[in-house]
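**Student:** This one is entry_39.txt, compact mmCIF, C-alpha atoms.
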```
# COMPACT_ATOMS: atom_id res chain seq x y z
CA MET O 1 165.72 120.70 117.64
CA ILE O 2 162.58 122.25 116.26
CA LEU O 3 160.95 118.87 115.97
CA THR O 4 161.82 117.94 119.54
CA ASP O 5 160.53 121.24 120.79
CA LEU O 6 157.26 120.89 118.94
CA ARG O 7 156.85 117.37 120.15
CA GLY O 8 157.34 118.47 123.74
CA ARG O 9 154.69 121.14 123.40
CA TYR O 10 152.38 118.76 121.69
CA GLN O 11 152.72 116.23 124.45
CA PHE O 12 152.20 118.86 127.12
CA GLY O 13 149.06 120.13 125.45
CA PHE O 14 147.89 116.63 124.69
CA GLY O 15 148.32 115.57 128.31
CA ARG O 16 146.05 118.32 129.56
CA PHE O 17 143.60 117.60 126.80
CA MET O 18 143.52 113.97 127.88
CA GLU O 19 142.25 114.79 131.37
CA ARG O 20 138.55 114.22 131.87
CA ASP O 21 136.17 115.63 134.44
CA TYR O 22 134.99 112.08 135.21
CA ASP O 23 138.49 110.88 136.13
CA ASP O 24 137.70 111.38 139.84
CA ILE O 25 134.83 108.87 139.81
CA PRO O 26 136.30 105.95 141.76
CA GLY O 27 136.63 102.44 140.35
CA THR O 28 135.16 103.40 136.99
CA TYR O 29 136.52 102.71 133.49
CA PRO O 30 134.58 104.38 130.67
CA LEU O 31 135.49 103.57 127.08
CA ASP O 32 136.98 106.79 125.75
CA SER O 33 139.74 107.70 123.35
CA ARG O 34 142.40 106.79 125.92
CA THR O 35 141.08 103.30 126.66
CA TYR O 36 140.17 102.96 123.00
CA ARG O 37 143.80 103.08 121.96
CA LYS O 38 145.17 101.13 124.91
CA GLY O 39 142.54 98.43 124.58
CA TYR O 40 141.91 98.24 120.86
CA HIS O 41 143.36 94.78 120.27
CA VAL O 42 142.16 93.18 123.48
CA ASN O 43 138.65 94.46 122.83
CA MET O 44 138.71 93.20 119.26
CA PHE O 45 139.80 89.79 120.57
CA LEU O 46 136.92 89.83 123.08
CA MET O 47 134.47 90.86 120.40
CA SER O 48 135.61 88.03 118.14
CA LEU O 49 134.00 85.67 120.67
CA ASN O 50 130.63 86.71 119.21
CA ASP O 51 131.50 84.29 116.43
CA ALA O 52 130.94 80.59 117.20
CA GLU O 53 133.90 79.56 115.01
CA CYS O 54 136.21 81.89 116.93
CA ARG O 55 134.90 80.53 120.22
CA ASP O 56 135.79 77.03 119.02
CA LYS O 57 139.32 78.13 118.10
CA PHE O 58 139.78 79.84 121.44
CA ALA O 59 138.46 76.77 123.27
CA GLU O 60 140.87 74.54 121.38
CA ASP O 61 144.01 76.50 122.33
CA GLU O 62 143.54 79.77 124.21
CA GLN O 63 147.18 80.89 123.97
CA ALA O 64 147.44 80.13 120.24
CA TYR O 65 144.24 82.00 119.51
CA LEU O 66 145.36 85.00 121.60
CA ASP O 67 148.63 85.06 119.69
CA THR O 68 146.71 85.88 116.51
CA PHE O 69 145.89 89.30 118.06
CA ARG O 70 148.36 92.15 118.57
CA MET O 71 147.75 92.25 122.31
CA THR O 72 150.37 92.89 124.97
CA GLU O 73 151.62 89.97 127.03
CA ASP O 74 149.96 91.54 130.10
CA GLN O 75 146.64 91.59 128.31
CA LYS O 76 147.03 87.99 127.18
CA SER O 77 147.87 86.71 130.65
CA ALA O 78 144.94 88.66 132.17
CA VAL O 79 142.68 86.90 129.67
CA LEU O 80 144.19 83.47 130.38
CA ASP O 81 143.88 84.01 134.15
CA ARG O 82 140.40 85.60 133.86
CA ARG O 83 141.57 88.64 135.85
CA PHE O 84 138.70 90.90 134.84
CA LEU O 85 139.64 94.00 136.82
CA ASP O 86 143.14 93.88 135.37
CA LEU O 87 141.60 93.54 131.92
CA LEU O 88 139.71 96.81 132.44
CA LYS O 89 142.88 98.50 133.68
CA LEU O 90 144.63 97.28 130.53
CA GLY O 91 142.02 98.88 128.28
CA ALA O 92 139.25 96.30 127.96
CA ASN O 93 135.70 97.58 128.24
CA VAL O 94 133.18 95.74 130.36
CA TYR O 95 130.72 95.22 127.49
CA TYR O 96 133.49 93.45 125.60
CA ALA O 97 134.63 91.55 128.72
CA PHE O 98 131.12 90.05 128.92
CA LYS O 99 132.04 87.88 125.94
CA LEU O 100 134.71 86.15 128.01
CA ILE O 101 132.55 85.44 131.05
CA SER O 102 129.84 84.21 128.67
CA PHE O 103 132.39 82.00 126.93
CA ASP O 104 133.04 80.42 130.33
CA ARG O 105 129.27 79.93 130.74
CA GLN O 106 129.43 81.82 134.01
CA PRO O 107 126.84 84.37 135.16
CA PRO O 108 128.04 87.99 135.02
CA GLN O 109 127.81 88.28 138.80
CA VAL O 110 130.96 86.15 138.98
CA MET O 111 132.80 88.83 136.99
CA TYR O 112 131.18 91.68 138.93
CA GLY O 113 132.15 90.13 142.26
CA GLN O 114 135.72 89.64 141.11
CA MET O 115 136.02 93.32 140.15
CA ALA O 116 134.27 94.68 143.23
CA GLU O 117 136.09 96.40 146.10
CA PRO O 118 136.24 94.47 148.33
CA ARG O 119 136.18 91.34 146.20
CA LEU O 120 132.88 89.43 146.46
CA THR O 121 131.74 85.90 145.64
CA PHE O 122 128.75 85.34 143.34
CA ASP O 123 126.48 84.92 146.38
CA GLU O 124 127.89 87.96 148.15
CA PHE O 125 127.46 90.15 145.08
CA GLN O 126 123.94 88.85 144.53
CA GLN O 127 123.11 89.60 148.18
CA MET O 128 124.56 93.12 147.99
CA MET O 129 122.21 93.86 145.09
CA ILE O 130 119.20 92.24 146.80
CA ASP O 131 119.96 94.44 149.80
CA GLY O 132 119.63 97.52 147.60
CA GLY O 133 122.91 97.65 145.74
CA ARG O 134 126.07 99.63 146.42
CA PRO O 135 124.93 102.98 147.84
CA ILE O 136 125.81 106.12 145.91
CA ASP O 137 126.70 108.01 149.10
CA GLY O 138 130.41 107.66 149.73
CA ASN O 139 131.02 106.40 146.20
CA ARG O 140 130.88 109.57 144.10
CA SER O 141 134.54 110.57 144.06
CA VAL O 142 138.00 109.25 144.79
CA GLU O 143 138.18 111.78 147.64
CA GLU O 144 135.42 109.91 149.44
CA TRP O 145 137.25 106.61 148.94
CA LYS O 146 140.43 108.06 150.43
CA ASP O 147 138.50 109.00 153.57
CA GLY O 148 136.91 105.76 153.98
CA MET M 1 98.90 110.56 108.54
CA ALA M 2 100.69 108.34 111.04
CA LYS M 3 99.93 108.85 114.71
CA LEU M 4 102.40 108.51 117.58
CA ILE M 5 100.31 107.02 120.37
CA ALA M 6 102.70 106.57 123.26
CA GLY M 7 106.22 106.10 124.53
CA MET M 8 107.66 103.43 126.79
CA GLY M 9 110.89 103.42 128.69
CA THR M 10 112.35 100.16 129.95
CA SER M 11 115.65 98.73 131.11
CA HIS M 12 117.04 95.94 128.95
CA VAL M 13 118.99 93.74 131.38
CA PRO M 14 120.00 90.48 129.62
CA GLY M 15 119.10 88.46 132.73
CA LEU M 16 115.45 89.42 132.20
CA GLY M 17 115.47 87.82 128.76
CA ALA M 18 117.27 84.75 130.10
CA ALA M 19 114.70 84.41 132.91
CA MET M 20 111.92 84.30 130.30
CA ASP M 21 113.84 82.09 127.87
CA ASN M 22 114.63 79.58 130.61
CA GLY M 23 111.20 79.60 132.31
CA LYS M 24 112.42 81.12 135.56
CA THR M 25 109.96 83.99 135.92
CA GLN M 26 108.13 82.31 138.83
CA GLU M 27 111.30 81.78 140.84
CA PRO M 28 111.54 83.94 144.00
CA TYR M 29 114.23 86.23 142.53
CA TRP M 30 112.03 87.13 139.54
CA LYS M 31 108.42 86.66 140.67
CA GLN M 32 107.78 90.12 142.09
CA LEU M 33 109.26 91.86 139.07
CA PHE M 34 107.25 89.90 136.52
CA GLU M 35 104.06 90.41 138.53
CA GLY M 36 104.84 94.11 138.50
CA LEU M 37 105.16 93.98 134.72
CA GLU M 38 101.66 92.50 134.22
CA PRO M 39 99.91 95.89 133.86
CA LEU M 40 102.58 96.96 131.34
CA ARG M 41 101.90 93.86 129.29
CA ALA M 42 98.14 94.39 129.54
CA TRP M 43 98.65 97.94 128.26
CA HIS M 44 100.68 96.62 125.32
CA ARG M 45 98.00 94.03 124.50
CA ALA M 46 95.39 96.79 124.40
CA ASN M 47 97.58 99.30 122.53
CA THR M 48 99.60 97.38 119.97
CA PRO M 49 100.65 99.80 117.23
CA ASP M 50 101.62 98.91 113.66
CA VAL M 51 105.23 99.88 114.26
CA ASN M 52 107.45 100.54 117.26
CA ILE M 53 110.44 102.81 116.87
CA ILE M 54 112.88 101.26 119.32
CA VAL M 55 115.76 103.42 120.53
CA TYR M 56 118.40 101.03 121.78
CA ASN M 57 122.10 100.48 122.08
CA ASP M 58 124.34 97.78 120.76
CA HIS M 59 126.70 96.01 123.19
CA ALA M 60 129.85 95.25 121.18
CA THR M 61 127.71 93.07 118.95
CA GLU M 62 127.32 94.75 115.59
CA PHE M 63 129.17 97.99 116.23
CA SER M 64 132.63 98.15 117.72
CA LEU M 65 135.87 100.06 117.91
CA ASP M 66 136.22 99.57 114.17
CA SER M 67 133.16 101.58 113.21
CA TYR M 68 130.70 103.44 115.38
CA SER M 69 128.08 105.95 114.33
CA THR M 70 126.37 108.17 116.86
CA PHE M 71 122.87 107.47 115.54
CA THR M 72 122.04 104.60 113.18
CA VAL M 73 118.61 103.82 111.76
CA GLY M 74 117.77 100.26 110.70
CA VAL M 75 116.26 100.45 107.24
CA GLY M 76 116.16 96.71 106.51
CA GLU M 77 113.16 94.49 105.84
CA ASN M 78 114.12 92.07 108.57
CA PHE M 79 116.42 91.84 111.57
CA GLU M 80 117.76 88.76 113.35
CA PRO M 81 118.54 88.25 117.03
CA ALA M 82 122.31 88.48 117.49
CA ASP M 83 124.87 86.03 118.75
CA GLU M 84 126.53 88.18 121.39
CA GLY M 85 128.74 85.45 122.80
CA TRP M 86 126.39 82.71 124.01
CA GLY M 87 124.41 82.01 120.82
CA PRO M 88 121.38 84.02 119.61
CA ARG M 89 118.33 84.26 121.85
CA GLN M 90 115.59 81.95 120.62
CA VAL M 91 113.11 84.71 119.85
CA PRO M 92 111.37 85.51 116.54
CA SER M 93 113.15 87.64 113.97
CA MET M 94 111.92 91.20 113.72
CA SER M 95 110.17 92.73 110.73
CA GLY M 96 111.42 96.16 109.77
CA TYR M 97 109.33 98.96 108.33
CA PRO M 98 111.62 100.47 105.70
CA ASP M 99 109.13 103.06 104.45
CA LEU M 100 108.91 104.70 107.86
CA ALA M 101 112.61 104.16 108.58
CA TRP M 102 113.64 105.94 105.39
CA HIS M 103 111.09 108.69 105.98
CA ILE M 104 112.60 109.32 109.40
CA VAL M 105 116.10 109.40 107.89
CA GLU M 106 115.11 111.79 105.11
CA SER M 107 113.05 114.04 107.36
CA ALA M 108 115.67 114.23 110.10
CA MET M 109 118.53 114.73 107.62
CA ALA M 110 116.64 117.71 106.21
CA GLU M 111 116.70 119.08 109.76
CA GLU M 112 120.49 118.56 109.92
CA PHE M 113 120.58 115.31 111.89
CA ASP M 114 123.22 113.30 110.06
CA LEU M 115 121.95 109.77 110.56
CA ALA M 116 123.72 106.60 109.49
CA VAL M 117 121.67 103.77 107.98
CA HIS M 118 122.13 100.03 108.31
CA ALA M 119 120.14 97.34 106.52
CA SER M 120 121.19 94.16 108.27
CA MET M 121 122.37 94.77 111.82
CA ASP M 122 121.72 91.87 114.15
CA LEU M 123 119.93 92.99 117.29
CA ASP M 124 121.25 92.08 120.73
CA HIS M 125 119.63 92.01 124.17
CA GLY M 126 119.42 95.80 124.14
CA PHE M 127 116.64 95.39 121.57
CA THR M 128 115.15 91.94 122.06
CA VAL M 129 114.73 92.08 125.86
CA PRO M 130 112.41 95.13 125.70
CA LEU M 131 110.33 93.27 123.08
CA SER M 132 110.07 90.28 125.42
CA ILE M 133 109.17 92.55 128.34
CA ALA M 134 106.33 94.12 126.35
CA TYR M 135 105.04 91.12 124.41
CA GLY M 136 106.16 87.99 126.27
CA GLN M 137 106.94 84.95 124.14
CA PRO M 138 104.82 85.07 120.96
CA LYS M 139 105.56 83.03 117.80
CA GLU M 140 105.77 86.31 115.91
CA TRP M 141 106.15 89.84 117.22
CA PRO M 142 102.83 91.70 116.96
CA ALA M 143 104.33 94.91 115.55
CA ALA M 144 107.03 95.85 113.07
CA VAL M 145 110.09 97.74 114.29
CA VAL M 146 112.30 100.65 113.30
CA PRO M 147 115.58 100.27 115.21
CA VAL M 148 117.39 103.48 116.17
CA CYS M 149 120.81 102.64 117.60
CA VAL M 150 122.47 105.26 119.83
CA ASN M 151 126.13 105.15 120.77
CA VAL M 152 126.10 105.20 124.56
CA ILE M 153 129.21 103.11 125.20
CA GLN M 154 132.09 104.62 123.23
CA HIS M 155 132.82 108.20 124.20
CA PRO M 156 132.29 110.85 122.97
CA LEU M 157 128.55 110.24 123.27
CA PRO M 158 125.71 112.43 122.04
CA THR M 159 124.52 114.86 124.71
CA ALA M 160 121.29 114.32 126.61
CA LEU M 161 119.90 117.39 124.85
CA ARG M 162 120.90 116.13 121.41
CA CYS M 163 119.04 112.90 122.12
CA TYR M 164 115.94 114.85 123.09
CA LYS M 165 116.16 116.96 119.93
CA LEU M 166 116.54 113.83 117.80
CA GLY M 167 113.36 112.57 119.43
CA GLN M 168 111.61 115.79 118.48
CA ALA M 169 112.76 115.34 114.88
CA ILE M 170 111.49 111.73 114.91
CA GLY M 171 108.16 112.96 116.28
CA ARG M 172 107.83 115.44 113.42
CA ALA M 173 108.80 112.72 110.92
CA VAL M 174 106.08 110.40 112.22
CA ALA M 175 103.53 113.22 112.09
CA SER M 176 104.35 113.81 108.42
CA PHE M 177 104.40 110.11 107.39
CA PRO M 178 101.54 109.69 104.92
CA GLU M 179 100.30 106.21 105.94
CA GLN M 180 97.40 105.83 108.37
CA ILE M 181 99.28 103.81 110.97
CA ASN M 182 99.77 103.88 114.72
CA VAL M 183 103.32 104.18 115.96
CA GLY M 184 104.94 103.66 119.36
CA ILE M 185 108.38 104.75 120.48
CA TRP M 186 110.52 103.08 123.13
CA GLY M 187 113.57 104.31 124.97
CA THR M 188 115.60 101.47 126.46
CA GLY M 189 118.49 100.88 128.85
CA GLY M 190 119.26 102.23 132.31
CA LEU M 191 118.34 102.96 134.95
CA SER M 192 121.24 103.41 137.36
CA HIS M 193 123.84 100.68 137.08
CA GLN M 194 127.56 100.13 136.91
CA LEU M 195 128.89 96.87 135.52
CA GLY M 196 132.63 97.39 135.59
CA GLY M 197 135.39 98.37 138.00
CA GLU M 198 135.71 98.40 141.77
CA ARG M 199 132.51 100.49 142.09
CA VAL M 200 130.44 97.83 140.27
CA GLY M 201 126.93 97.48 141.66
CA VAL M 202 126.30 101.14 142.43
CA VAL M 203 122.66 102.22 142.06
CA ASN M 204 120.87 105.45 142.92
CA PRO M 205 117.10 105.22 143.47
CA GLU M 206 116.76 108.92 144.25
CA PHE M 207 118.39 109.92 140.95
CA ASP M 208 116.33 107.37 139.03
CA GLN M 209 112.98 108.41 140.50
CA LYS M 210 113.78 112.06 139.82
CA PHE M 211 114.63 111.15 136.23
CA LEU M 212 111.26 109.35 135.91
CA ASP M 213 109.41 112.28 137.51
CA ASN M 214 111.09 114.67 135.09
CA LEU M 215 110.30 112.42 132.16
CA SER M 216 106.64 112.78 133.01
CA ARG M 217 106.40 116.43 133.95
CA ASP M 218 109.62 118.33 133.21
CA PRO M 219 111.43 116.52 130.40
CA LEU M 220 113.78 119.41 129.67
CA ALA M 221 115.32 118.93 133.14
CA ASN M 222 116.65 115.57 131.91
CA THR M 223 118.33 117.25 128.94
CA ARG M 224 120.55 119.31 131.25
CA ILE M 225 122.30 116.32 132.83
CA SER M 226 125.91 115.92 131.70
CA HIS M 227 127.48 112.55 130.89
CA THR M 228 129.74 112.96 133.91
CA GLU M 229 126.76 113.56 136.19
CA PHE M 230 125.03 110.47 134.79
CA MET M 231 128.17 108.36 135.31
CA ARG M 232 128.89 109.74 138.77
CA GLU M 233 125.31 109.60 140.09
CA ALA M 234 123.83 106.69 138.14
CA GLY M 235 126.86 104.52 137.43
CA CYS M 236 129.11 104.29 134.38
CA GLU M 237 126.47 102.44 132.36
CA GLY M 238 123.62 104.56 133.75
CA VAL M 239 124.43 107.02 130.96
CA GLU M 240 122.24 104.76 128.80
CA MET M 241 119.35 106.79 130.20
CA ILE M 242 119.97 109.44 127.52
CA MET M 243 118.16 107.06 125.13
CA TRP M 244 114.96 107.65 127.09
CA ASN M 245 115.30 111.32 126.11
CA VAL M 246 114.91 110.36 122.44
CA MET M 247 111.63 108.65 123.28
CA ARG M 248 110.45 111.60 125.37
CA GLY M 249 111.40 114.17 122.75
CA ALA M 250 109.17 112.45 120.20
CA LEU M 251 106.08 112.79 122.43
CA GLU M 252 103.94 115.84 123.04
CA ASP M 253 104.92 118.24 125.81
CA ASP M 254 102.00 117.13 128.00
CA VAL M 255 101.61 113.40 128.41
CA ASP M 256 99.71 111.05 130.70
CA GLU M 257 101.87 108.73 132.75
CA VAL M 258 99.86 105.49 132.81
CA PHE M 259 102.46 103.07 134.18
CA ARG M 260 105.62 103.14 136.26
CA LEU M 261 107.64 100.36 137.83
CA TYR M 262 110.90 100.57 139.75
CA HIS M 263 112.64 97.52 141.16
CA ILE M 264 116.08 96.77 142.60
CA PRO M 265 117.80 94.54 141.64
CA VAL M 266 117.80 92.93 138.25
CA SER M 267 121.31 91.49 138.16
CA ALA M 268 123.42 94.60 138.89
CA THR M 269 120.80 97.06 137.65
CA ALA M 270 117.99 99.22 138.97
CA TYR M 271 115.08 98.23 136.74
CA GLY M 272 112.74 100.96 135.60
CA ALA M 273 109.78 101.14 133.23
CA ILE M 274 107.34 103.89 132.33
CA ILE M 275 104.55 104.36 129.79
CA LEU M 276 103.62 107.86 128.66
CA GLU M 277 100.57 108.42 126.44
CA ASN M 278 100.15 111.32 124.10
CA LYS M 279 96.91 113.10 125.06
```
Would you mind writing the file out in structure tokens?

**Tutor:**
Amino acid sequence: MILTDLRGRYQFGFGRFMERDYDDIPGTYPLDSRTYRKGYHVNMFLMSLNDAECRDKFAEDEQAYLDTFRMTEDQKSAVLDRRFLDLLKLGANVYYAFKLISFDRQPPQVMYGQMAEPRLTFDEFQQMMIDGGRPIDGNRSVEEWKDG
Amino acid sequence: MAKLIAGMGTSHVPGLGAAMDNGKTQEPYWKQLFEGLEPLRAWHRANTPDVNIIVYNDHATEFSLDSYSTFTVGVGENFEPADEGWGPRQVPSMSGYPDLAWHIVESAMAEEFDLAVHASMDLDHGFTVPLSIAYGQPKEWPAAVVPVCVNVIQHPLPTALRCYKLGQAIGRAVASFPEQINVGIWGTGGLSHQLGGERVGVVNPEFDQKFLDNLSRDPLANTRISHTEFMREAGCEGVEMIMWNVMRGALEDDVDEVFRLYHIPVSATAYGAIILENK
């Protein structure tokens, strides 16, 4: 009883503690203690691609190589399907995700375009940036996204 | 005694390094930017110091979820360009300057900055691209380096003010270093950019130009910006700009701004560069 009670209080307190004042920035996934824990294994997989030998192993059999990491099945399938936005939602950080798009020998704009709302091709993303980038006005908070 | 001659700020977008490495600087996408960088390179040719202290961040290359220090000073004799997923950049290795690096560590530790040291970290685009921007493609880099790695990707991050204060401590360390050498200090990264999520591609020229104006004339204003404000206004990865505060803190209060360049886009980033000379 006491244990349960303490645990409940702990979780309540912990939940409030886990809120961040940047949580209302739309479409944004900073690496903090929450993503750290959710994404630890997927990020360590991604980072392993810094090593040429690991890249060779991954190239040889992607599923078998992924199975050597304690990732969730959702994380593994997002890697196999190259669903980059889902990877971020599952705890990967974009600096780590770079290793995967680099592994594919694709320019990062391919990954950026795939994550963008709305989804953009390489050329469309490139053009958005040449035209001055995504404007900050209207993109500061989730409230603005709800309106628009 | 050593003399700190100037500070430079520059973005470190990997695409810039790739454009140089692959001979694309005259292509339409890059031409205007590299022409704009000519005066910066001329300044560096005329003002090459013995050592550059380069404040940079690692991008899941050497530091990761397994071990991350807030501030790490490179105390090695030599540093290699890193393999960050596509093989190392074909640029010269970088000579360290351990005497100055250790002096900075000892001096700053005495002022209660608890710095980590690393002797052999490989240096990724966050470090090598600024070198290429300043010095082009030489066979050997013209100046030694002291790498100062700042954690700007794994929260909690050091505050903008803490970065400025670290810069002040580095400035005092240089001033008390007994060798007669000239020293430069670079802040790297930024300016506004967001590389992940549905909001990817956000940039904010107004915020960036204000940051550059403040850097020149009101540097303390840039120490009062919270991480959340950086992320909201300048993109999730725009928070890298706190590294420029380290550079600025090391300089004198009054500086001469002798160069500024601002250009959108480089990949998904607003490119910025500035050179500030101590009077």

**Student:** Using only C-alpha atoms, which protein or nucleic acid residues come within 12 Å of Arg20 in chain O? Drop anything in the same chain fewer than 2 positions from it, and give the result as a ChimeraX atom specification.

**Tutor:** /O:15-18,22-25,29-30,32-34 /M:155-156,227-228

**Student:** Work out how far CA of Thr159 in chain M is from CA of Ile225 in chain M, in Å to one decimal.

**Tutor:**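 One can read the CA of Ile225 in chain M to CA of Thr159 in chain M distance as 8.5 Å.
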
**Student:** Select, from M:Met1, M:Glu77, M:Pro138, M:Pro98, the residue with the minimum atom-to-atom distance to Arg45 in chain M, counting all atoms listed in the file.

**Tutor:**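 Selected residue with least distance to Arg45 in chain M: M:Pro138.
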
**Student:** Please identify all polymer residues within 7 Å of Asp122 in chain M, counting all atoms listed in the file, omitting same-chain residues fewer than 2 positions from it, and present them as a PyMOL selection string.

**Tutor:** chain M and resi 62+79-82+120+124

**Student:** Give me the residues near range 129-143 of chain O as an MDAnalysis selection string, where near means some atom within 12 Å (using only C-alpha atoms) and where sequence neighbours in that chain fewer than 3 positions away do not count.

**Tutor:** (chainID O and resid 21:28 109 112:113 116:118 120 122:126 146:148) or (chainID M and resid 28:30 192:195 198:208 228:236 263:271)

**Student:** Quick one: distance from CA of Arg41 in chain M to CA of Tyr135 in chain M in Å, one decimal?

**Tutor:**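 Distance reported for this atom pair: 6.4 Å.
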
**Student:** For chain O, which residue among M:Trp43, M:Tyr164, M:Trp86, M:Trp186 is the nearest when counting all atoms listed in the file?

**Tutor:** M:Trp86

**Student:** Looking at O:Val79, O:Leu85, O:Val42, O:Leu90, which one is nearest to chain M, with distances taken over all atoms listed in the file?

**Tutor:**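 Residue with the minimum atom-to-atom distance to chain M: O:Leu85.
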
**Student:** What does the distance from CA of Gln114 in chain O to CA of Phe84 in chain O come to in Å, to one decimal?

**Tutor:**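 CA of Gln114 in chain O sits 7.1 Å away from CA of Phe84 in chain O.
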
**Student:** Excluding Leu100 in chain M and any residue of its chain fewer than 6 positions from it, enumerate the residues within 10 Å of it, using all atoms listed in the file, and give them as a list in words.

**Tutor:**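 Selected residues are Ala2, Val51, Ile53, Val75, Glu106, Val145, Val146, Ala173, Val174, Phe177, Pro178, Glu179 and Val183 of chain M.
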
**Student:** Output C-alpha atoms for every residue in that selection, as a PDB file, in the coordinates of the input.

**Tutor:**
```pdb
ATOM      1  CA  ALA M   2     100.690 108.340 111.040  1.00  0.00           C
ATOM      2  CA  VAL M  51     105.230  99.880 114.260  1.00  0.00           C
ATOM      3  CA  ILE M  53     110.440 102.810 116.870  1.00  0.00           C
ATOM      4  CA  VAL M  75     116.260 100.450 107.240  1.00  0.00           C
ATOM      5  CA  GLU M 106     115.110 111.790 105.110  1.00  0.00           C
ATOM      6  CA  VAL M 145     110.090  97.740 114.290  1.00  0.00           C
ATOM      7  CA  VAL M 146     112.300 100.650 113.300  1.00  0.00           C
ATOM      8  CA  ALA M 173     108.800 112.720 110.920  1.00  0.00           C
ATOM      9  CA  VAL M 174     106.080 110.400 112.220  1.00  0.00           C
ATOM     10  CA  PHE M 177     104.400 110.110 107.390  1.00  0.00           C
ATOM     11  CA  PRO M 178     101.540 109.690 104.920  1.00  0.00           C
ATOM     12  CA  GLU M 179     100.300 106.210 105.940  1.00  0.00           C
ATOM     13  CA  VAL M 183     103.320 104.180 115.960  1.00  0.00           C
TER      14      VAL M 183
END
```

**Student:** Find the residue from M:Gly238, M:Gly23, M:Pro88, M:Gly36 that sits nearest to Ile274 in chain M; use all atoms listed in the file when measuring.

**Tutor:**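 Of M:Gly238, M:Gly23, M:Pro88, M:Gly36, the one nearest Ile274 in chain M is M:Gly36, counting all atoms listed in the file.
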
**Student:** Could you tell me which of M:Val91, M:Ile104, M:Leu212, M:Ala175 comes closest to Val129 in chain M if we count only C-alpha atoms?

**Tutor:**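 Ranking M:Val91, M:Ile104, M:Leu212, M:Ala175 by distance to Val129 in chain M, first place goes to M:Val91.
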
**Student:** Using all atoms listed in the file, can you tell me which of M:Gly136, M:Pro39, M:Gly85, M:Gly197 comes closest to Ile275 in chain M?

**Tutor:**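 Of M:Gly136, M:Pro39, M:Gly85, M:Gly197, the one nearest Ile275 in chain M, counting all atoms listed in the file, is M:Pro39.
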
**Student:** Skip Thr48 in chain M itself and residues of its chain fewer than 3 positions away, then list as a list in words all residues within 8 Å of it, counting all atoms listed in the file.

**Tutor:** His44, Arg45, Pro142 and Ala143 of chain M

**Student:** Using all atoms listed in the file, collect all residues at a distance of at most 10 Å from (119.0, 114.1, 122.2) as written in the file, then present them as a list in words.

**Tutor:**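 Answer for this query, in the requested form: Val150, Pro158, Thr159, Ala160, Leu161, Arg162, Cys163, Tyr164, Lys165, Leu166, Gly167, Gln168, Ala169, Thr223, Ile242, Met243, Trp244, Asn245, Val246, Met247, Arg248 and Gly249 of chain M.
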
**Student:** Using all atoms listed in the file, collect all residues at a distance of at most 6 Å from (115.2, 95.5, 128.8) as written in the file, then present them as JSON, numbers by chain.

**Tutor:** {"M": [10, 11, 12, 13, 129, 130]}

**Student:** Since the input has fewer atoms than a full residue there, write range 17-25 of chain O out with N, CA, C and O atoms, as an mmCIF file, in the frame of the given file.

**Tutor:**
```
data_model
loop_
_atom_site.group_PDB
_atom_site.id
_atom_site.type_symbol
_atom_site.label_atom_id
_atom_site.label_comp_id
_atom_site.auth_asym_id
_atom_site.auth_seq_id
_atom_site.Cartn_x
_atom_site.Cartn_y
_atom_site.Cartn_z
ATOM 1 N N PHE O 17 144.802 117.903 127.577
ATOM 2 C CA PHE O 17 143.600 117.600 126.800
ATOM 3 C C PHE O 17 143.036 116.238 127.195
ATOM 4 O O PHE O 17 141.840 116.019 127.193
ATOM 5 N N MET O 18 143.951 115.328 127.582
ATOM 6 C CA MET O 18 143.520 113.970 127.880
ATOM 7 C C MET O 18 142.856 113.834 129.248
ATOM 8 O O MET O 18 142.296 112.808 129.563
ATOM 9 N N GLU O 19 142.943 114.871 130.083
ATOM 10 C CA GLU O 19 142.250 114.790 131.370
ATOM 11 C C GLU O 19 140.751 114.893 131.153
ATOM 12 O O GLU O 19 140.286 115.569 130.248
ATOM 13 N N ARG O 20 140.002 114.202 131.990
ATOM 14 C CA ARG O 20 138.550 114.220 131.870
ATOM 15 C C ARG O 20 137.915 114.564 133.209
ATOM 16 O O ARG O 20 138.444 114.182 134.259
ATOM 17 N N ASP O 21 136.778 115.231 133.168
ATOM 18 C CA ASP O 21 136.170 115.630 134.440
ATOM 19 C C ASP O 21 135.552 114.429 135.171
ATOM 20 O O ASP O 21 135.153 114.548 136.311
ATOM 21 N N TYR O 22 135.499 113.273 134.513
ATOM 22 C CA TYR O 22 134.990 112.080 135.210
ATOM 23 C C TYR O 22 136.118 111.214 135.764
ATOM 24 O O TYR O 22 135.873 110.134 136.296
ATOM 25 N N ASP O 23 137.364 111.696 135.645
ATOM 26 C CA ASP O 23 138.490 110.880 136.130
ATOM 27 C C ASP O 23 138.468 110.692 137.654
ATOM 28 O O ASP O 23 139.131 109.793 138.166
ATOM 29 N N ASP O 24 137.713 111.531 138.374
ATOM 30 C CA ASP O 24 137.700 111.380 139.840
ATOM 31 C C ASP O 24 136.556 110.477 140.313
ATOM 32 O O ASP O 24 136.333 110.357 141.508
ATOM 33 N N ILE O 25 135.823 109.865 139.388
ATOM 34 C CA ILE O 25 134.830 108.870 139.810
ATOM 35 C C ILE O 25 135.599 107.594 140.146
ATOM 36 O O ILE O 25 136.350 107.092 139.313
#
```
